[in-house]
$ cat run29.pdb   # PDB, C-alpha atoms
ATOM      1  CA  MET A  26      40.136 -23.935  55.482
ATOM      2  CA  LYS A  27      39.289 -21.744  52.508
ATOM      3  CA  ARG A  28      42.835 -22.178  51.191
ATOM      4  CA  SER A  29      42.454 -25.995  51.354
ATOM      5  CA  LEU A  30      39.167 -25.841  49.481
ATOM      6  CA  LEU A  31      40.735 -23.636  46.814
ATOM      7  CA  ILE A  32      43.657 -26.004  46.347
ATOM      8  CA  ALA A  33      41.301 -28.981  46.154
ATOM      9  CA  SER A  34      39.195 -27.220  43.524
ATOM     10  CA  ILE A  35      42.275 -26.418  41.445
ATOM     11  CA  LEU A  36      43.452 -30.039  41.632
ATOM     12  CA  ILE A  37      40.055 -31.300  40.460
ATOM     13  CA  VAL A  38      40.100 -28.907  37.487
ATOM     14  CA  LEU A  39      43.653 -29.920  36.584
ATOM     15  CA  LEU A  40      42.802 -33.613  36.819
ATOM     16  CA  ALA A  41      39.772 -33.183  34.600
ATOM     17  CA  SER A  42      41.828 -31.200  32.094
ATOM     18  CA  SER A  43      44.554 -33.837  31.973
ATOM     19  CA  GLN A  44      42.007 -36.604  31.408
ATOM     20  CA  ALA A  45      40.399 -34.642  28.595
ATOM     21  CA  ALA A  46      43.825 -34.105  27.022
ATOM     22  CA  LEU A  47      44.457 -37.808  27.127
ATOM     23  CA  GLY A  48      41.254 -38.385  25.136
ATOM     24  CA  SER A  49      39.234 -41.570  24.985
ATOM     25  CA  SER A  50      40.069 -45.119  24.010
ATOM     26  CA  LEU A  51      37.884 -47.813  22.507
ATOM     27  CA  LYS A  52      38.566 -51.528  22.356
ATOM     28  CA  VAL A  53      36.611 -53.201  19.537
ATOM     29  CA  GLY A  54      36.595 -56.931  18.779
ATOM     30  CA  ALA A  55      36.382 -58.072  15.160
ATOM     31  CA  THR A  56      36.949 -61.015  12.877
ATOM     32  CA  PRO A  57      39.965 -60.380  10.606
ATOM     33  CA  VAL A  58      38.322 -60.034   7.166
ATOM     34  CA  PRO A  59      36.665 -57.714   6.362
ATOM     35  CA  HIS A  60      35.731 -56.330   9.773
ATOM     36  CA  ALA A  61      39.187 -55.639  11.226
ATOM     37  CA  GLU A  62      40.317 -54.307   7.854
ATOM     38  CA  ILE A  63      37.402 -51.866   7.775
ATOM     39  CA  LEU A  64      38.126 -50.747  11.322
ATOM     40  CA  GLN A  65      41.738 -50.018  10.377
ATOM     41  CA  ILE A  66      40.452 -47.400   7.923
ATOM     42  CA  ILE A  67      38.868 -45.363  10.716
ATOM     43  CA  VAL A  68      41.825 -45.454  13.124
ATOM     44  CA  PRO A  69      43.211 -42.107  11.830
ATOM     45  CA  ILE A  70      39.691 -40.607  11.624
ATOM     46  CA  LEU A  71      39.087 -41.310  15.314
ATOM     47  CA  ASP A  72      42.635 -40.344  16.249
ATOM     48  CA  GLN A  73      41.956 -36.829  14.952
ATOM     49  CA  GLN A  74      39.030 -36.689  17.376
ATOM     50  CA  GLY A  75      41.136 -37.752  20.336
ATOM     51  CA  ILE A  76      39.940 -41.364  20.344
ATOM     52  CA  SER A  77      42.414 -44.244  20.331
ATOM     53  CA  LEU A  78      40.975 -47.342  18.659
ATOM     54  CA  GLU A  79      42.343 -50.763  19.642
ATOM     55  CA  ILE A  80      41.242 -53.634  17.392
ATOM     56  CA  VAL A  81      41.151 -57.098  18.966
ATOM     57  CA  GLU A  82      40.848 -59.941  16.463
ATOM     58  CA  PHE A  83      38.748 -63.066  17.042
ATOM     59  CA  THR A  84      38.337 -66.110  14.816
ATOM     60  CA  ASP A  85      35.039 -67.431  16.163
ATOM     61  CA  TYR A  86      31.446 -66.220  16.510
ATOM     62  CA  VAL A  87      30.970 -66.786  20.261
ATOM     63  CA  ARG A  88      33.827 -65.195  22.199
ATOM     64  CA  PRO A  89      33.401 -61.632  20.783
ATOM     65  CA  ASN A  90      29.899 -61.339  22.282
ATOM     66  CA  LEU A  91      30.928 -62.877  25.590
ATOM     67  CA  ALA A  92      33.931 -60.535  25.805
ATOM     68  CA  LEU A  93      31.658 -57.568  25.099
ATOM     69  CA  ASP A  94      29.096 -58.620  27.683
ATOM     70  CA  GLU A  95      31.837 -59.173  30.279
ATOM     71  CA  GLY A  96      33.290 -55.700  29.729
ATOM     72  CA  GLU A  97      36.512 -56.769  28.013
ATOM     73  CA  LEU A  98      35.443 -54.876  24.883
ATOM     74  CA  ASP A  99      33.587 -51.630  24.247
ATOM     75  CA  ALA A 100      32.043 -52.950  21.026
ATOM     76  CA  ASN A 101      32.385 -55.730  18.489
ATOM     77  CA  PHE A 102      32.016 -55.964  14.727
ATOM     78  CA  PHE A 103      31.542 -59.402  13.203
ATOM     79  CA  GLN A 104      27.881 -60.438  13.156
ATOM     80  CA  HIS A 105      24.539 -59.831  11.479
ATOM     81  CA  VAL A 106      21.306 -58.881  13.225
ATOM     82  CA  PRO A 107      19.606 -62.317  13.284
ATOM     83  CA  TYR A 108      22.709 -63.848  14.886
ATOM     84  CA  LEU A 109      22.862 -61.077  17.490
ATOM     85  CA  ASP A 110      19.181 -61.529  18.329
ATOM     86  CA  SER A 111      19.632 -65.296  18.632
ATOM     87  CA  PHE A 112      22.722 -64.905  20.819
ATOM     88  CA  ASN A 113      20.952 -62.501  23.176
ATOM     89  CA  GLN A 114      18.087 -64.927  23.556
ATOM     90  CA  ASP A 115      20.255 -67.986  24.123
ATOM     91  CA  ALA A 116      22.921 -66.397  26.336
ATOM     92  CA  GLY A 117      20.719 -63.980  28.267
ATOM     93  CA  THR A 118      22.819 -61.007  27.178
ATOM     94  CA  ASP A 119      21.584 -57.483  26.444
ATOM     95  CA  LEU A 120      23.674 -56.424  23.457
ATOM     96  CA  ALA A 121      22.366 -53.803  21.072
ATOM     97  CA  VAL A 122      23.055 -52.550  17.554
ATOM     98  CA  LEU A 123      25.156 -49.390  17.332
ATOM     99  CA  VAL A 124      25.268 -49.085  13.554
ATOM    100  CA  ALA A 125      24.661 -51.206  10.415
ATOM    101  CA  VAL A 126      27.612 -51.232   8.021
ATOM    102  CA  HIS A 127      27.530 -53.857   5.272
ATOM    103  CA  VAL A 128      26.221 -57.135   3.884
ATOM    104  CA  GLU A 129      28.457 -60.116   3.157
ATOM    105  CA  PRO A 130      26.522 -62.305   0.717
ATOM    106  CA  LEU A 131      26.548 -65.969   1.755
ATOM    107  CA  GLY A 132      27.743 -68.349  -0.946
ATOM    108  CA  LEU A 133      27.868 -72.021  -1.937
ATOM    109  CA  PHE A 134      31.444 -72.946  -2.875
ATOM    110  CA  SER A 135      33.047 -76.073  -4.307
ATOM    111  CA  GLU A 136      36.522 -77.291  -5.235
ATOM    112  CA  LYS A 137      35.086 -80.235  -7.170
ATOM    113  CA  HIS A 138      32.351 -78.652  -9.282
ATOM    114  CA  THR A 139      32.000 -75.475 -11.326
ATOM    115  CA  SER A 140      28.199 -75.248 -11.503
ATOM    116  CA  LEU A 141      25.102 -76.360  -9.620
ATOM    117  CA  ASN A 142      24.268 -78.759 -12.448
ATOM    118  CA  GLN A 143      27.399 -80.780 -11.702
ATOM    119  CA  LEU A 144      26.325 -81.658  -8.165
ATOM    120  CA  PRO A 145      25.775 -85.444  -8.089
ATOM    121  CA  GLN A 146      23.149 -87.557  -6.404
ATOM    122  CA  ARG A 147      23.898 -87.869  -2.682
ATOM    123  CA  ALA A 148      26.129 -84.802  -2.828
ATOM    124  CA  THR A 149      27.714 -83.781   0.466
ATOM    125  CA  ILE A 150      27.300 -80.158   1.519
ATOM    126  CA  ALA A 151      28.697 -78.582   4.667
ATOM    127  CA  ILE A 152      26.768 -75.766   6.385
ATOM    128  CA  PRO A 153      27.342 -73.680   9.555
ATOM    129  CA  ASN A 154      26.404 -75.429  12.780
ATOM    130  CA  ASP A 155      24.862 -72.418  14.543
ATOM    131  CA  ALA A 156      21.098 -72.093  14.181
ATOM    132  CA  THR A 157      21.051 -68.675  12.536
ATOM    133  CA  ASN A 158      23.706 -69.211   9.875
ATOM    134  CA  GLY A 159      22.704 -72.834   9.363
ATOM    135  CA  GLY A 160      19.155 -71.722   8.638
ATOM    136  CA  ARG A 161      20.442 -68.989   6.355
ATOM    137  CA  ALA A 162      22.481 -71.595   4.445
ATOM    138  CA  LEU A 163      19.444 -73.832   3.923
ATOM    139  CA  LEU A 164      17.406 -70.869   2.699
ATOM    140  CA  LEU A 165      20.189 -70.145   0.202
ATOM    141  CA  LEU A 166      20.106 -73.739  -1.049
ATOM    142  CA  GLN A 167      16.336 -73.498  -1.403
ATOM    143  CA  GLU A 168      16.759 -70.312  -3.437
ATOM    144  CA  ALA A 169      19.245 -72.215  -5.615
ATOM    145  CA  GLY A 170      16.570 -74.851  -6.274
ATOM    146  CA  LEU A 171      18.407 -77.694  -4.540
ATOM    147  CA  ILE A 172      15.925 -78.293  -1.704
ATOM    148  CA  GLU A 173      12.477 -77.275  -0.463
ATOM    149  CA  LEU A 174      11.807 -76.220   3.131
ATOM    150  CA  ASP A 175       8.742 -76.175   5.329
ATOM    151  CA  PRO A 176       7.616 -72.499   5.346
ATOM    152  CA  LYS A 177       6.673 -72.860   9.013
ATOM    153  CA  ALA A 178      10.386 -73.001   9.874
ATOM    154  CA  GLY A 179      10.793 -69.293   9.072
ATOM    155  CA  ILE A 180      14.365 -67.969   8.921
ATOM    156  CA  VAL A 181      15.868 -70.683  11.135
ATOM    157  CA  PRO A 182      15.138 -73.977   9.345
ATOM    158  CA  THR A 183      17.173 -77.096  10.099
ATOM    159  CA  PRO A 184      17.794 -80.154   7.914
ATOM    160  CA  PHE A 185      14.726 -81.679   9.613
ATOM    161  CA  ASP A 186      12.602 -78.997   7.912
ATOM    162  CA  ILE A 187      13.574 -80.126   4.400
ATOM    163  CA  THR A 188      10.442 -81.326   2.573
ATOM    164  CA  GLU A 189      12.053 -82.066  -0.787
ATOM    165  CA  ASN A 190      15.633 -83.114  -1.536
ATOM    166  CA  LYS A 191      15.822 -84.405  -5.117
ATOM    167  CA  LEU A 192      19.584 -84.984  -5.017
ATOM    168  CA  GLN A 193      19.352 -86.633  -1.611
ATOM    169  CA  ILE A 194      21.975 -84.204  -0.382
ATOM    170  CA  LYS A 195      23.728 -85.198   2.816
ATOM    171  CA  PHE A 196      24.441 -82.260   5.144
ATOM    172  CA  PHE A 197      27.380 -81.849   7.492
ATOM    173  CA  GLU A 198      27.143 -79.146  10.155
ATOM    174  CA  LEU A 199      30.484 -77.551  11.047
ATOM    175  CA  GLU A 200      31.683 -74.469  12.901
ATOM    176  CA  ALA A 201      31.494 -71.540  10.479
ATOM    177  CA  ALA A 202      35.226 -70.841  10.700
ATOM    178  CA  GLN A 203      36.043 -74.419   9.593
ATOM    179  CA  LEU A 204      33.855 -74.565   6.485
ATOM    180  CA  SER A 205      36.457 -73.358   4.000
ATOM    181  CA  ARG A 206      38.815 -76.111   5.210
ATOM    182  CA  SER A 207      36.167 -78.730   4.449
ATOM    183  CA  LEU A 208      36.018 -77.967   0.718
ATOM    184  CA  ALA A 209      38.450 -80.759  -0.210
ATOM    185  CA  ASP A 210      36.256 -83.326   1.543
ATOM    186  CA  VAL A 211      32.736 -82.354   0.400
ATOM    187  CA  ASP A 212      30.959 -81.521  -2.829
ATOM    188  CA  GLY A 213      30.198 -78.054  -1.562
ATOM    189  CA  ALA A 214      30.125 -75.805   1.475
ATOM    190  CA  VAL A 215      28.000 -72.792   2.313
ATOM    191  CA  ILE A 216      30.451 -70.255   3.703
ATOM    192  CA  ASN A 217      29.945 -66.870   5.337
ATOM    193  CA  GLY A 218      31.459 -64.017   3.355
ATOM    194  CA  ASN A 219      34.081 -63.048   5.914
ATOM    195  CA  TYR A 220      35.446 -66.584   6.174
ATOM    196  CA  ALA A 221      35.347 -66.996   2.391
ATOM    197  CA  LEU A 222      37.447 -63.852   1.968
ATOM    198  CA  GLN A 223      39.808 -65.013   4.710
ATOM    199  CA  ALA A 224      40.318 -68.265   2.783
ATOM    200  CA  GLY A 225      41.205 -66.398  -0.401
ATOM    201  CA  LEU A 226      37.812 -66.876  -2.054
ATOM    202  CA  ASN A 227      35.922 -64.076  -3.760
ATOM    203  CA  PRO A 228      32.207 -64.782  -3.305
ATOM    204  CA  ALA A 229      31.244 -62.613  -6.267
ATOM    205  CA  GLN A 230      33.495 -64.659  -8.585
ATOM    206  CA  ASP A 231      33.960 -68.088  -7.003
ATOM    207  CA  ALA A 232      30.562 -69.043  -5.579
ATOM    208  CA  LEU A 233      28.351 -71.509  -7.415
ATOM    209  CA  PHE A 234      25.419 -69.576  -6.004
ATOM    210  CA  LEU A 235      25.420 -66.317  -4.078
ATOM    211  CA  GLU A 236      22.950 -64.579  -1.828
ATOM    212  CA  GLY A 237      21.539 -61.328  -3.213
ATOM    213  CA  ALA A 238      22.577 -57.900  -1.933
ATOM    214  CA  GLU A 239      19.038 -57.438  -0.599
ATOM    215  CA  SER A 240      19.847 -59.913   2.166
ATOM    216  CA  PRO A 241      18.415 -59.036   5.598
ATOM    217  CA  TYR A 242      21.639 -60.278   7.211
ATOM    218  CA  VAL A 243      23.288 -56.881   7.652
ATOM    219  CA  ASN A 244      26.570 -56.840   9.581
ATOM    220  CA  VAL A 245      26.481 -54.486  12.545
ATOM    221  CA  VAL A 246      28.589 -53.073  15.341
ATOM    222  CA  ALA A 247      27.232 -54.333  18.672
ATOM    223  CA  ILE A 248      27.540 -52.655  22.071
ATOM    224  CA  ARG A 249      26.137 -53.135  25.553
ATOM    225  CA  ALA A 250      22.636 -51.665  25.707
ATOM    226  CA  GLU A 251      23.537 -49.368  28.577
ATOM    227  CA  ASP A 252      26.298 -47.728  26.493
ATOM    228  CA  GLN A 253      24.061 -46.338  23.747
ATOM    229  CA  ALA A 254      24.618 -42.741  24.913
ATOM    230  CA  ASN A 255      28.417 -43.087  24.935
ATOM    231  CA  ASP A 256      29.920 -40.189  22.947
ATOM    232  CA  ALA A 257      33.022 -42.097  21.828
ATOM    233  CA  LEU A 258      30.852 -44.899  20.453
ATOM    234  CA  ALA A 259      28.736 -42.342  18.595
ATOM    235  CA  LYS A 260      31.918 -41.091  16.934
ATOM    236  CA  LEU A 261      32.867 -44.687  16.084
ATOM    237  CA  ALA A 262      29.500 -45.116  14.353
ATOM    238  CA  ALA A 263      29.880 -41.867  12.417
ATOM    239  CA  ALA A 264      33.372 -42.840  11.263
ATOM    240  CA  LEU A 265      32.139 -46.195   9.985
ATOM    241  CA  LEU A 266      29.491 -44.414   7.911
ATOM    242  CA  SER A 267      32.043 -42.094   6.316
ATOM    243  CA  ASP A 268      32.821 -41.725   2.618
ATOM    244  CA  GLU A 269      36.283 -43.184   3.277
ATOM    245  CA  VAL A 270      34.791 -46.447   4.506
ATOM    246  CA  ARG A 271      32.233 -46.681   1.697
ATOM    247  CA  LEU A 272      34.972 -46.159  -0.896
ATOM    248  CA  PHE A 273      37.270 -48.687   0.787
ATOM    249  CA  ILE A 274      34.579 -51.382   0.832
ATOM    250  CA  SER A 275      33.548 -50.746  -2.761
ATOM    251  CA  GLU A 276      37.106 -50.826  -4.089
ATOM    252  CA  SER A 277      38.554 -53.621  -1.944
ATOM    253  CA  TYR A 278      36.173 -56.564  -2.106
ATOM    254  CA  GLY A 279      34.828 -56.702  -5.651
ATOM    255  CA  GLY A 280      31.193 -57.034  -4.607
ATOM    256  CA  ALA A 281      31.893 -59.624  -1.915
ATOM    257  CA  VAL A 282      31.129 -56.974   0.713
ATOM    258  CA  VAL A 283      28.352 -54.451   0.033
ATOM    259  CA  PRO A 284      27.971 -51.207   2.045
ATOM    260  CA  VAL A 285      24.405 -50.483   3.210
ATOM    261  CA  PHE A 286      24.831 -46.736   3.771
TER
END

$ encode --input "run29.pdb" --output "structure tokens"
Amino acid sequence: MKRSLLIASILIVLLASSQAALGSSLKVGATPVPHAEILQIIVPILDQQGISLEIVEFTDYVRPNLALDEGELDANFFQHVPYLDSFNQDAGTDLAVLVAVHVEPLGLFSEKHTSLNQLPQRATIAIPNDATNGGRALLLLQEAGLIELDPKAGIVPTPFDITENKLQIKFFELEAAQLSRSLADVDGAVINGNYALQAGLNPAQDALFLEGAESPYVNVVAIRAEDQANDALAKLAAALLSDEVRLFISESYGGAVVPVF
């Protein structure tokens, strides 16, 4: 009996040792630019700590949160805080911020005009169709002096909250990922920084008007709330706040992506 217990104890120790030797793995969802590119920088950093990082790319703003909530991912990296808060409220999820990494200034782009002054009467402008980014786009256009909004709308105004529209701008609401493709058909489009970069646009150089770096829309890594004590995720956060990542962001995107650490 004692011999059996001893053998069982040895097997448990060996199993634990083998699992430790194998290390941990993390599966993180991200949109391609710049999020997946930034994650690629920390693959060797985490590898040295025994953590294998798998990056799963998404091209929309809905599936990454659903995949995280359903356990298909350990974390995701694509969204800012207001969008995460709105998603949690609408979808009934309990996703939390692991770490804040950067800001992607939102910009108004055009293939037909080179300045705001060239926008004609009844100009057509495309904006994101989700409440958070759509509201952010309208606030940007207000900052540019193109419209006035009802202050009561807060940070999520809609076109119905426009109180002054001197150019009689007509708005088209499209999925954020499709906005860059609409540029040939509209006078302008307000495009999120990651999708602008993905389309070959440099917000710092190509935008008619660009959101300031003081934007509250900081891009974060999201996790399930119950995983906040996960050691591997803590190491993921530390790696993303490393000097290597700060240098990569600063040198790679020409001001179109701004580190916040």

$ closest_residue --input "run29.pdb" --among "A:Pro69, A:Pro107, A:Pro89, A:Pro130" --to "Ala55 (chain A)" --atoms "all atoms listed in the file"
A:Pro89

$ atom_distance --input "run29.pdb" --atom1 "CA of Leu272 (chain A)" --atom2 "CA of Val246 (chain A)"
18.8 Å

$ resolve_selection --input "run29.pdb" --expression "the PyMOL selection byres ((chain A and resi 178) around 12)" --output "mmCIF file with C-alpha atoms, in the frame of the given file"
data_model
loop_
_atom_site.group_PDB
_atom_site.id
_atom_site.type_symbol
_atom_site.label_atom_id
_atom_site.label_comp_id
_atom_site.auth_asym_id
_atom_site.auth_seq_id
_atom_site.Cartn_x
_atom_site.Cartn_y
_atom_site.Cartn_z
ATOM 1 C CA ALA A 156 21.098 -72.093 14.181
ATOM 2 C CA THR A 157 21.051 -68.675 12.536
ATOM 3 C CA GLY A 160 19.155 -71.722 8.638
ATOM 4 C CA ARG A 161 20.442 -68.989 6.355
ATOM 5 C CA LEU A 163 19.444 -73.832 3.923
ATOM 6 C CA LEU A 164 17.406 -70.869 2.699
ATOM 7 C CA GLU A 173 12.477 -77.275 -0.463
ATOM 8 C CA LEU A 174 11.807 -76.220 3.131
ATOM 9 C CA ASP A 175 8.742 -76.175 5.329
ATOM 10 C CA PRO A 176 7.616 -72.499 5.346
ATOM 11 C CA LYS A 177 6.673 -72.860 9.013
ATOM 12 C CA GLY A 179 10.793 -69.293 9.072
ATOM 13 C CA ILE A 180 14.365 -67.969 8.921
ATOM 14 C CA VAL A 181 15.868 -70.683 11.135
ATOM 15 C CA PRO A 182 15.138 -73.977 9.345
ATOM 16 C CA THR A 183 17.173 -77.096 10.099
ATOM 17 C CA PRO A 184 17.794 -80.154 7.914
ATOM 18 C CA PHE A 185 14.726 -81.679 9.613
ATOM 19 C CA ASP A 186 12.602 -78.997 7.912
ATOM 20 C CA ILE A 187 13.574 -80.126 4.400
ATOM 21 C CA THR A 188 10.442 -81.326 2.573
#

$ closest_residue --input "run29.pdb" --among "A:Leu208, A:Val124, A:Val58, A:Leu199" --to "Thr84 (chain A)" --atoms "only C-alpha atoms"
A:Val58

$ closest_residue --input "run29.pdb" --among "A:Arg88, A:His60, A:Lys260, A:Lys137" --to "Ala209 (chain A)" --atoms "only C-alpha atoms"
A:Lys137

$ resolve_selection --input "run29.pdb" --expression "the PyMOL selection byres ((chain A and resi 213-224) around 7)" --output "PyMOL selection string"
chain A and resi 58-59+129-135+149-152+162+201-202+204-205+208+211-212+225-228+281

$ atom_distance --input "run29.pdb" --atom1 "CA of Leu258 (chain A)" --atom2 "CA of Ile274 (chain A)"
21.0 Å

$ closest_residue --input "run29.pdb" --among "A:Ser267, A:Gln193, A:Asn158, A:Gln114" --to "Tyr242 (chain A)" --atoms "all atoms listed in the file"
A:Asn158

$ closest_residue --input "run29.pdb" --among "A:Asp210, A:Glu239, A:Phe234, A:Glu189" --to "Thr139 (chain A)" --atoms "all atoms listed in the file"
A:Phe234

$ closest_residue --input "run29.pdb" --among "A:Ala148, A:Asn154, A:Arg249, A:Glu200" --to "Asp94 (chain A)" --atoms "all atoms listed in the file"
A:Arg249

$ atom_distance --input "run29.pdb" --atom1 "CA of Leu266 (chain A)" --atom2 "CA of Gly117 (chain A)"
29.6 Å

$ decode --input "run29.pdb" --residues "region 161-184 of chain A" --atoms "N, CA and C atoms" --output "compact mmCIF listing (two decimals), in the first residue's frame"
# COMPACT_ATOMS: atom_id res chain seq x y z
N ARG A 161 -17.57 59.01 -31.92
CA ARG A 161 -16.21 59.57 -31.94
C ARG A 161 -15.96 60.32 -33.24
N ALA A 162 -16.44 59.77 -34.37
CA ALA A 162 -16.27 60.43 -35.66
C ALA A 162 -16.99 61.77 -35.70
N LEU A 163 -18.20 61.82 -35.17
CA LEU A 163 -18.95 63.08 -35.17
C LEU A 163 -18.28 64.12 -34.27
N LEU A 164 -17.73 63.68 -33.16
CA LEU A 164 -17.00 64.60 -32.29
C LEU A 164 -15.77 65.16 -33.01
N LEU A 165 -15.12 64.32 -33.81
CA LEU A 165 -13.98 64.78 -34.60
C LEU A 165 -14.41 65.85 -35.60
N LEU A 166 -15.53 65.62 -36.27
CA LEU A 166 -16.02 66.58 -37.26
C LEU A 166 -16.45 67.88 -36.60
N GLN A 167 -16.95 67.78 -35.38
CA GLN A 167 -17.27 69.00 -34.63
C GLN A 167 -15.99 69.76 -34.29
N GLU A 168 -14.96 69.04 -33.89
CA GLU A 168 -13.68 69.67 -33.58
C GLU A 168 -13.10 70.33 -34.82
N ALA A 169 -13.37 69.76 -35.99
CA ALA A 169 -12.89 70.33 -37.25
C ALA A 169 -13.71 71.54 -37.68
N GLY A 170 -14.81 71.82 -36.99
CA GLY A 170 -15.64 72.97 -37.31
C GLY A 170 -16.67 72.72 -38.39
N LEU A 171 -16.92 71.46 -38.73
CA LEU A 171 -17.85 71.14 -39.81
C LEU A 171 -19.30 71.03 -39.31
N ILE A 172 -19.49 70.64 -38.07
CA ILE A 172 -20.84 70.50 -37.51
C ILE A 172 -20.84 70.95 -36.05
N GLU A 173 -22.04 71.10 -35.50
CA GLU A 173 -22.20 71.32 -34.06
C GLU A 173 -23.13 70.23 -33.53
N LEU A 174 -22.82 69.76 -32.31
CA LEU A 174 -23.58 68.67 -31.70
C LEU A 174 -24.24 69.12 -30.40
N ASP A 175 -25.34 68.49 -30.09
CA ASP A 175 -26.00 68.73 -28.81
C ASP A 175 -25.11 68.19 -27.70
N PRO A 176 -24.66 69.05 -26.76
CA PRO A 176 -23.78 68.59 -25.68
C PRO A 176 -24.38 67.46 -24.85
N LYS A 177 -25.70 67.38 -24.82
CA LYS A 177 -26.35 66.35 -24.01
C LYS A 177 -26.06 64.94 -24.54
N ALA A 178 -25.59 64.85 -25.77
CA ALA A 178 -25.31 63.53 -26.37
C ALA A 178 -24.04 62.90 -25.81
N GLY A 179 -23.21 63.68 -25.15
CA GLY A 179 -21.98 63.14 -24.55
C GLY A 179 -21.01 62.62 -25.59
N ILE A 180 -20.41 61.43 -25.31
CA ILE A 180 -19.39 60.89 -26.22
C ILE A 180 -19.98 59.92 -27.24
N VAL A 181 -21.30 59.75 -27.25
CA VAL A 181 -21.91 58.85 -28.24
C VAL A 181 -23.01 59.56 -29.03
N PRO A 182 -22.70 60.72 -29.64
CA PRO A 182 -23.72 61.38 -30.45
C PRO A 182 -24.01 60.59 -31.72
N THR A 183 -25.17 60.83 -32.29
CA THR A 183 -25.55 60.27 -33.59
C THR A 183 -25.86 61.43 -34.53
N PRO A 184 -26.03 61.17 -35.81
CA PRO A 184 -26.41 62.26 -36.72
C PRO A 184 -27.67 63.01 -36.27
